[in-house]
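Colleague: This is run.tsv (TSV, C-alpha atoms and all ligand atoms).
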```
chain	number	residue	atom	x	y	z
A	181	MET	CA	48.18	-35.42	25.97
A	182	SER	CA	44.99	-37.05	27.23
A	183	ASP	CA	43.21	-33.81	26.36
A	184	PHE	CA	44.61	-34.08	22.82
A	185	ILE	CA	43.41	-37.68	22.55
A	186	SER	CA	39.93	-36.95	23.80
A	187	ARG	CA	39.62	-33.99	21.37
A	188	ALA	CA	40.98	-36.05	18.49
A	189	PHE	CA	38.30	-38.67	19.09
A	190	GLY	CA	35.55	-36.08	19.57
A	191	GLY	CA	35.08	-37.10	23.18
A	192	SER	CA	35.70	-33.77	24.89
A	193	ARG	CA	33.81	-33.59	28.13
A	194	ARG	CA	34.11	-29.81	28.13
A	195	PRO	CA	31.07	-27.79	27.11
A	196	PRO	CA	31.35	-25.46	24.10
A	197	GLU	CA	32.69	-22.05	25.06
A	198	GLY	CA	30.20	-19.88	26.90
A	199	MET	CA	28.06	-22.80	28.08
A	200	GLU	CA	30.10	-23.71	31.18
A	201	ALA	CA	27.61	-22.03	33.53
A	202	ARG	CA	24.86	-24.38	32.33
A	203	ILE	CA	26.64	-27.50	33.64
A	204	PRO	CA	25.60	-28.22	37.27
A	205	PRO	CA	28.28	-29.08	39.86
A	206	GLY	CA	29.87	-32.51	39.41
A	207	GLN	CA	28.46	-32.98	35.90
A	208	TYR	CA	30.27	-33.23	32.55
A	209	TYR	CA	29.18	-32.19	29.03
A	210	GLU	CA	27.77	-35.02	26.88
A	211	ALA	CA	27.15	-34.39	23.18
A	212	GLY	CA	25.29	-37.67	22.58
A	213	PHE	CA	22.14	-39.00	24.19
A	214	PRO	CA	23.00	-42.05	26.35
A	215	VAL	CA	20.28	-44.62	27.10
A	216	LEU	CA	19.84	-45.53	30.78
A	217	THR	CA	17.27	-48.16	31.64
A	218	ALA	CA	17.04	-50.40	34.70
A	219	GLY	CA	15.74	-53.71	33.36
A	220	PRO	CA	14.13	-54.65	30.07
A	221	THR	CA	12.77	-52.10	27.56
A	222	PRO	CA	9.00	-52.50	27.33
A	223	THR	CA	7.15	-52.44	24.02
A	224	VAL	CA	4.17	-50.09	24.26
A	225	GLU	CA	1.99	-49.68	21.18
A	226	THR	CA	0.13	-46.39	20.88
A	227	ASP	CA	-3.24	-48.11	20.52
A	228	ALA	CA	-2.66	-49.85	23.86
A	229	TRP	CA	-1.22	-46.73	25.55
A	230	SER	CA	-3.11	-44.52	27.93
A	231	PHE	CA	-2.16	-41.96	30.54
A	232	ALA	CA	-4.20	-41.99	33.76
A	233	ILE	CA	-4.33	-39.74	36.81
A	234	ASP	CA	-5.87	-41.18	39.98
A	235	GLY	CA	-5.43	-41.02	43.75
A	236	VAL	CA	-6.58	-38.05	45.81
A	237	VAL	CA	-8.22	-36.03	43.04
A	238	GLY	CA	-11.66	-34.51	42.56
A	239	GLN	CA	-12.23	-36.78	39.55
A	240	GLN	CA	-9.82	-39.29	38.08
A	241	ARG	CA	-9.18	-39.26	34.33
A	242	SER	CA	-7.41	-41.13	31.61
A	243	TRP	CA	-6.54	-40.26	28.03
A	244	SER	CA	-6.16	-42.70	25.17
A	245	TRP	CA	-3.42	-41.94	22.61
A	246	GLU	CA	-6.06	-40.43	20.32
A	247	GLU	CA	-7.54	-38.26	23.06
A	248	PHE	CA	-4.05	-37.20	24.09
A	249	GLN	CA	-3.22	-36.02	20.55
A	250	ALA	CA	-6.10	-33.51	20.76
A	251	LEU	CA	-4.50	-31.76	23.79
A	252	PRO	CA	-2.32	-28.64	23.38
A	253	PHE	CA	1.33	-29.56	22.63
A	254	GLU	CA	4.31	-27.31	23.42
A	255	ASP	CA	7.91	-27.30	22.23
A	256	VAL	CA	10.26	-27.66	25.18
A	257	PRO	CA	13.86	-26.58	24.60
A	258	CYS	CA	15.90	-27.73	27.60
A	259	ASP	CA	19.10	-29.04	29.18
A	260	ILE	CA	18.98	-32.45	30.91
A	261	HIS	CA	21.15	-33.83	33.73
A	262	CYS	CA	21.61	-37.50	34.65
A	263	VAL	CA	22.76	-38.46	38.15
A	264	THR	CA	25.46	-40.63	36.49
A	265	LYS	CA	27.02	-37.21	35.73
A	266	TRP	CA	26.30	-36.49	32.08
A	267	SER	CA	24.51	-33.31	31.07
A	268	LYS	CA	23.08	-32.75	27.59
A	269	LEU	CA	22.56	-29.12	26.58
A	270	ASP	CA	20.25	-27.54	24.02
A	271	THR	CA	18.05	-30.51	23.33
A	272	SER	CA	14.31	-30.30	22.76
A	273	PHE	CA	11.14	-32.27	23.30
A	274	ARG	CA	7.50	-31.75	22.41
A	275	GLY	CA	4.70	-32.66	24.77
A	276	VAL	CA	1.65	-31.77	26.81
A	277	SER	CA	2.15	-29.74	29.98
A	278	LEU	CA	1.25	-31.39	33.29
A	279	ASP	CA	-0.59	-28.13	34.02
A	280	THR	CA	-3.08	-29.10	31.30
A	281	LEU	CA	-3.46	-32.68	32.55
A	282	LEU	CA	-3.64	-31.90	36.29
A	283	GLY	CA	-6.01	-29.04	35.48
A	284	GLU	CA	-8.62	-31.62	34.49
A	285	VAL	CA	-8.55	-33.74	37.68
A	286	GLU	CA	-8.57	-31.26	40.60
A	287	PRO	CA	-5.61	-32.59	42.63
A	288	LEU	CA	-6.21	-32.61	46.39
A	289	GLY	CA	-2.79	-33.90	47.55
A	290	ALA	CA	0.64	-32.27	47.21
A	291	PHE	CA	2.66	-35.25	45.91
A	292	ALA	CA	2.64	-37.70	43.02
A	293	LEU	CA	3.93	-41.18	42.34
A	294	VAL	CA	4.52	-41.55	38.61
A	295	ARG	CA	4.34	-45.05	37.11
A	296	SER	CA	5.58	-46.59	33.90
A	297	TYR	CA	4.76	-49.57	31.74
A	298	GLY	CA	7.23	-52.18	32.98
A	299	GLY	CA	6.87	-51.20	36.62
A	300	TYR	CA	9.28	-48.25	37.12
A	301	THR	CA	8.08	-45.57	39.53
A	302	THR	CA	9.36	-42.19	40.69
A	303	ASN	CA	8.01	-39.61	43.14
A	304	LEU	CA	7.68	-35.85	42.71
A	305	ALA	CA	6.02	-33.01	44.58
A	306	LEU	CA	3.19	-31.46	42.57
A	307	GLU	CA	5.02	-28.14	42.78
A	308	ASP	CA	7.78	-29.73	40.63
A	309	LEU	CA	5.18	-30.87	38.08
A	310	THR	CA	3.25	-27.60	37.72
A	311	ASP	CA	3.83	-24.00	36.54
A	312	GLY	CA	5.42	-24.99	33.24
A	313	LYS	CA	8.05	-27.36	34.69
A	314	ALA	CA	6.92	-30.79	33.44
A	315	TRP	CA	5.47	-32.41	30.33
A	316	ILE	CA	4.37	-35.75	28.93
A	317	ALA	CA	6.64	-35.78	25.89
A	318	THR	CA	6.07	-37.77	22.71
A	319	GLU	CA	8.74	-36.21	20.46
A	320	HIS	CA	12.45	-35.54	20.75
A	321	GLU	CA	14.17	-33.10	18.38
A	322	GLY	CA	11.32	-33.27	15.88
A	323	GLU	CA	11.00	-37.06	15.74
A	324	PRO	CA	8.66	-39.45	17.55
A	325	LEU	CA	10.33	-40.44	20.82
A	326	SER	CA	12.31	-43.63	20.20
A	327	ARG	CA	11.49	-46.72	22.20
A	328	ASP	CA	14.89	-46.65	23.97
A	329	HIS	CA	14.23	-43.13	25.19
A	330	GLY	CA	10.73	-43.95	26.45
A	331	GLY	CA	8.51	-43.92	23.38
A	332	PRO	CA	5.69	-43.55	22.83
A	333	ALA	CA	5.60	-41.16	25.82
A	334	ARG	CA	7.76	-40.18	28.78
A	335	LEU	CA	7.59	-37.73	31.61
A	336	LEU	CA	9.99	-34.79	31.10
A	337	VAL	CA	11.08	-32.79	34.16
A	338	PRO	CA	14.26	-31.04	32.99
A	339	HIS	CA	14.94	-29.12	36.23
A	340	LEU	CA	15.44	-32.36	38.22
A	341	TYR	CA	17.91	-35.24	37.65
A	342	PHE	CA	16.74	-37.26	34.69
A	343	TRP	CA	15.77	-40.37	36.69
A	344	LYS	CA	12.59	-38.40	37.58
A	345	SER	CA	11.69	-38.29	33.85
A	346	ALA	CA	9.95	-41.69	33.75
A	347	LYS	CA	10.10	-43.40	30.35
A	348	TRP	CA	7.07	-45.36	28.95
A	349	VAL	CA	4.93	-43.36	31.33
A	350	ALA	CA	1.51	-44.83	32.15
A	351	GLY	CA	0.11	-42.47	34.75
A	352	LEU	CA	0.45	-40.83	38.10
A	353	ARG	CA	-1.22	-41.13	41.47
A	354	VAL	CA	-1.80	-37.98	43.49
A	355	LEU	CA	-0.90	-38.58	47.15
A	356	ASP	CA	-1.16	-36.72	50.47
A	357	SER	CA	2.41	-37.66	51.43
A	358	ASP	CA	5.71	-38.12	49.57
A	359	GLU	CA	6.30	-41.84	48.91
A	360	PRO	CA	9.59	-43.05	47.39
A	361	GLY	CA	9.65	-44.55	43.90
A	362	PHE	CA	12.09	-47.13	42.52
A	363	TRP	CA	15.43	-45.28	42.77
A	364	GLU	CA	14.30	-43.24	45.76
A	365	SER	CA	13.79	-46.53	47.68
A	366	ASN	CA	17.32	-47.52	46.69
A	367	GLY	CA	19.33	-44.59	48.02
A	368	TYR	CA	18.51	-41.78	45.62
A	369	HIS	CA	17.28	-38.41	46.81
A	370	MET	CA	13.54	-37.75	47.21
A	371	HIS	CA	13.83	-34.42	45.34
A	372	GLY	CA	16.84	-34.59	42.98
A	373	ASP	CA	17.81	-30.98	42.18
A	374	PRO	CA	21.04	-31.10	40.10
A	375	TRP	CA	22.03	-27.53	41.10
A	376	ARG	CA	22.06	-28.59	44.77
A	377	GLU	CA	23.60	-31.98	43.96
A	378	GLU	CA	20.69	-33.83	45.57
A	379	ARG	CA	21.94	-37.22	44.39
A	380	TYR	CA	21.61	-39.54	47.41
A	381	TRP	CA	19.62	-39.75	50.64
A	382	ASN	CA	22.01	-37.66	52.75
A	383	ASP	CA	22.89	-34.98	50.16
B	401	LIG	N1	10.63	-46.47	32.97
B	401	LIG	C1	11.88	-46.03	33.21
B	401	LIG	N2	12.12	-44.72	33.16
B	401	LIG	C2	13.37	-44.25	33.39
B	401	LIG	C3	14.43	-45.12	33.71
B	401	LIG	C4	14.15	-46.51	33.75
B	401	LIG	O1	15.04	-47.34	34.02
B	401	LIG	N3	12.86	-46.93	33.48
B	401	LIG	N4	15.70	-44.62	33.97
B	401	LIG	C5	15.76	-43.22	34.41
B	401	LIG	C6	17.13	-42.70	34.41
B	401	LIG	S1	18.15	-43.14	35.69
B	401	LIG	C7	17.53	-41.79	33.48
B	401	LIG	S2	19.04	-41.02	33.57
B	401	LIG	C8	16.69	-41.48	32.30
B	401	LIG	C9	17.46	-41.86	31.06
B	401	LIG	O2	16.70	-41.51	29.94
B	401	LIG	P1	17.34	-41.84	28.53
B	401	LIG	O3	17.59	-43.32	28.48
B	401	LIG	O4	16.34	-41.34	27.54
B	401	LIG	O5	18.63	-41.07	28.47
B	401	LIG	O6	15.46	-42.18	32.29
B	401	LIG	C10	14.87	-42.33	33.55
B	401	LIG	N5	13.57	-42.91	33.35
B	402	MO	MO	20.00	-41.59	35.47
```
Go through the file and emit its structure as C-alpha cells.
Modeller:
Amino acid sequence: MSDFISRAFGGSRRPPEGMEARIPPGQYYEAGFPVLTAGPTPTVETDAWSFAIDGVVGQQRSWSWEEFQALPFEDVPCDIHCVTKWSKLDTSFRGVSLDTLLGEVEPLGAFALVRSYGGYTTNLALEDLTDGKAWIATEHEGEPLSRDHGGPARLLVPHLYFWKSAKWVAGLRVLDSDEPGFWESNGYHMHGDPWREERYWND
C-alpha cells in the first residue's frame, strides 16, 4: 500500500531497473535535485568572482571569471551522493579540471582546504582532486549553475559525498597536512567515500 502511494505520487525511492548497483550502501534514489546549504546563500557576481590557489605551491595563482572562461572546459556526466542519503544518477556538469588548475601552480603539499564565498570550507587530499576526479563547474545540465546550487562556480567531486563539492567556491589552499573543514570539524569523515560509507568520524 505505501509502495502504491509513493508510486502514485511519483516519489519512488527505488532506482530505475538496472541502476540498482549504482546506489551506494545506505542511499536511496532521488529523481530531483535537493538544495542543501548550511547558512545563508551568498550572492556572487561573476565580475567579482575569482578562483585562487595558494599555500604550499611553487607559485600561487588566481583566475578572474574572464581568465577562467579561456581554460579548457569538459562535460562531466556523473552520479552524486549526499550524506543525508539521497543519490542522483545520470546528471551532468561542465567545468574545468583541477588537473588543469593545479598544473599551473606546482603543488608541494598533499592536501587541500577548499574555501567558499560565505565562509564554508572542506578538506580533500590532492589525490582526490587530480587524475580526472574533480572540476570547478559552472554549468549543470546545459544551463549556468543556479545560485542555489553554487553558481557561478562550485567544486565538483562526484566520487566523494557531496558535502565535499563546495558551492560558491573561491579557492583552495595547498597544505602539508590534512586539516578539517566545516563539516569535518563537526563530526563528518575526513575522506567521505560513499562506497565505504565514510559518513562520520568513526566510520
Ligand atoms: N558553500 C557551501 N557549499 C556546500 C554546502 C554548503 O552549505 N555551503 N553544503 C554541502 C552539502 S552538505 C551538500 S549535500 C551539497 C549540496 O549541493 P546542492 O545544494 O547543489 O544539492 O553542497 C555542499 N557544498
Ligand atoms: Mo550533504
Colleague: Pick out the residues no farther than 6 Å from ligand LIG 401 (chain B), counting all atoms listed in the file, and list them as a PyMOL selection string.
Modeller: chain A and resi 213-218+262+296+300+329+342-343+345-348
Colleague: Choose the residue, out of A:Gly322, A:Pro204, A:Gly289, A:Pro332, that has the smallest atom-to-atom separation from A:Phe231; count all atoms listed in the file.
Modeller: A:Pro332
Colleague: So which residues touch A:Trp375 within 12 Å, counting all atoms listed in the file, skipping near sequence neighbours fewer than 3 positions away, as a compact mmCIF listing (two decimals) with C-alpha atoms, in the coordinates of the input?
Modeller:
```txt
# COMPACT_ATOMS: atom_id res chain seq x y z
CA ALA A 201 27.61 -22.03 33.53
CA ARG A 202 24.86 -24.38 32.33
CA ILE A 203 26.64 -27.50 33.64
CA PRO A 204 25.60 -28.22 37.27
CA PRO A 205 28.28 -29.08 39.86
CA GLY A 206 29.87 -32.51 39.41
CA GLN A 207 28.46 -32.98 35.90
CA ILE A 260 18.98 -32.45 30.91
CA HIS A 261 21.15 -33.83 33.73
CA CYS A 262 21.61 -37.50 34.65
CA VAL A 263 22.76 -38.46 38.15
CA SER A 267 24.51 -33.31 31.07
CA PRO A 338 14.26 -31.04 32.99
CA HIS A 339 14.94 -29.12 36.23
CA LEU A 340 15.44 -32.36 38.22
CA TYR A 341 17.91 -35.24 37.65
CA HIS A 371 13.83 -34.42 45.34
CA GLY A 372 16.84 -34.59 42.98
CA GLU A 378 20.69 -33.83 45.57
CA ARG A 379 21.94 -37.22 44.39
CA ASP A 383 22.89 -34.98 50.16
```
Colleague: Give me the residues within 6 Å of stretch 303-306 of chain A as a list of chain:residue names, counting all atoms listed in the file and dropping any in the same chain fewer than 3 places off.
Modeller: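 Returned residues: A:Ala290, A:Phe291, A:Ala292, A:Leu293, A:Leu309, A:Pro360, A:Gly361.
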Colleague: Can I get the selected residues back with C-alpha atoms, as an mmCIF file, in the frame of the given file?
Modeller:
```cif
data_model
loop_
_atom_site.group_PDB
_atom_site.id
_atom_site.type_symbol
_atom_site.label_atom_id
_atom_site.label_comp_id
_atom_site.auth_asym_id
_atom_site.auth_seq_id
_atom_site.Cartn_x
_atom_site.Cartn_y
_atom_site.Cartn_z
ATOM 1 C CA ALA A 290 0.640 -32.270 47.210
ATOM 2 C CA PHE A 291 2.660 -35.250 45.910
ATOM 3 C CA ALA A 292 2.640 -37.700 43.020
ATOM 4 C CA LEU A 293 3.930 -41.180 42.340
ATOM 5 C CA LEU A 309 5.180 -30.870 38.080
ATOM 6 C CA PRO A 360 9.590 -43.050 47.390
ATOM 7 C CA GLY A 361 9.650 -44.550 43.900
#
```
Colleague: Set the distance at 12 Å and use all atoms listed in the file: which residues neighbour A:Leu325 once local chain neighbours fewer than 6 positions away are removed? I'd like the list as a PyMOL selection string.
Modeller: chain A and resi 224+226+272-275+316-319+331-336+347-348
Colleague: Quick one: write out the picked residues with C-alpha atoms as a PDB file, in the coordinates of the input?
Modeller:
```
ATOM      1  CA  VAL A 224       4.170 -50.090  24.260  1.00  0.00           C
ATOM      2  CA  THR A 226       0.130 -46.390  20.880  1.00  0.00           C
ATOM      3  CA  SER A 272      14.310 -30.300  22.760  1.00  0.00           C
ATOM      4  CA  PHE A 273      11.140 -32.270  23.300  1.00  0.00           C
ATOM      5  CA  ARG A 274       7.500 -31.750  22.410  1.00  0.00           C
ATOM      6  CA  GLY A 275       4.700 -32.660  24.770  1.00  0.00           C
ATOM      7  CA  ILE A 316       4.370 -35.750  28.930  1.00  0.00           C
ATOM      8  CA  ALA A 317       6.640 -35.780  25.890  1.00  0.00           C
ATOM      9  CA  THR A 318       6.070 -37.770  22.710  1.00  0.00           C
ATOM     10  CA  GLU A 319       8.740 -36.210  20.460  1.00  0.00           C
ATOM     11  CA  GLY A 331       8.510 -43.920  23.380  1.00  0.00           C
ATOM     12  CA  PRO A 332       5.690 -43.550  22.830  1.00  0.00           C
ATOM     13  CA  ALA A 333       5.600 -41.160  25.820  1.00  0.00           C
ATOM     14  CA  ARG A 334       7.760 -40.180  28.780  1.00  0.00           C
ATOM     15  CA  LEU A 335       7.590 -37.730  31.610  1.00  0.00           C
ATOM     16  CA  LEU A 336       9.990 -34.790  31.100  1.00  0.00           C
ATOM     17  CA  LYS A 347      10.100 -43.400  30.350  1.00  0.00           C
ATOM     18  CA  TRP A 348       7.070 -45.360  28.950  1.00  0.00           C
TER      19      TRP A 348
END
```
Colleague: Compile the contact shell of A:Tyr208 as number ranges by chain: residues with an atom at most 8 Å away, counting only C-alpha atoms, same-chain residues fewer than 4 positions apart removed.
Modeller: A: 193-195, 203, 265-267
Colleague: Out of A:Glu286, A:Glu321, A:Asp227, A:Glu210, which residue has the shortest atom-to-atom distance to A:Val256 when counting only C-alpha atoms?
Modeller: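 Using only C-alpha atoms, A:Val256 sits closest to A:Glu321.
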Colleague: Tell me, in Å to one decimal, how far atom CA of A:Gly198 is from atom CA of A:Glu377.
Modeller: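 Taking atom CA of A:Gly198 and atom CA of A:Glu377, their separation equals 21.9 Å.
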Colleague: I'd like the interatomic distance between atom CA of A:Ser357 and atom CA of A:Glu284, to a tenth of an Å.
Modeller: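 Separation between atom CA of A:Ser357 and atom CA of A:Glu284: 21.1 Å.
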Colleague: Could you tell me how far atom CA of A:Thr271 lies from atom CA of A:Ser365, in Å and to one decimal?
Modeller: 29.5 Å
Colleague: Given the choices A:Val236, A:Thr264, A:Pro252, A:Asp356, which gets closest to ligand MO 402 (chain B) if the distance is worked out from only C-alpha atoms and all ligand atoms?
Modeller: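 Going through A:Val236, A:Thr264, A:Pro252, A:Asp356 one by one, the smallest distance to ligand MO 402 (chain B) is for A:Thr264.
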Colleague: Could you pull the residues within 7 Å of A:Leu352, counting only C-alpha atoms, minus those fewer than 5 positions along the same chain, as a ChimeraX atom specification?
Modeller: /A:232-234,292-295
Colleague: In terms of the shortest atom-to-atom distance over all atoms listed in the file, which of A:Leu355, A:Val337, A:Ala211, A:Val285 is closest to A:Trp315?
Modeller: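 Smallest separation from A:Trp315 among the options: A:Val337.
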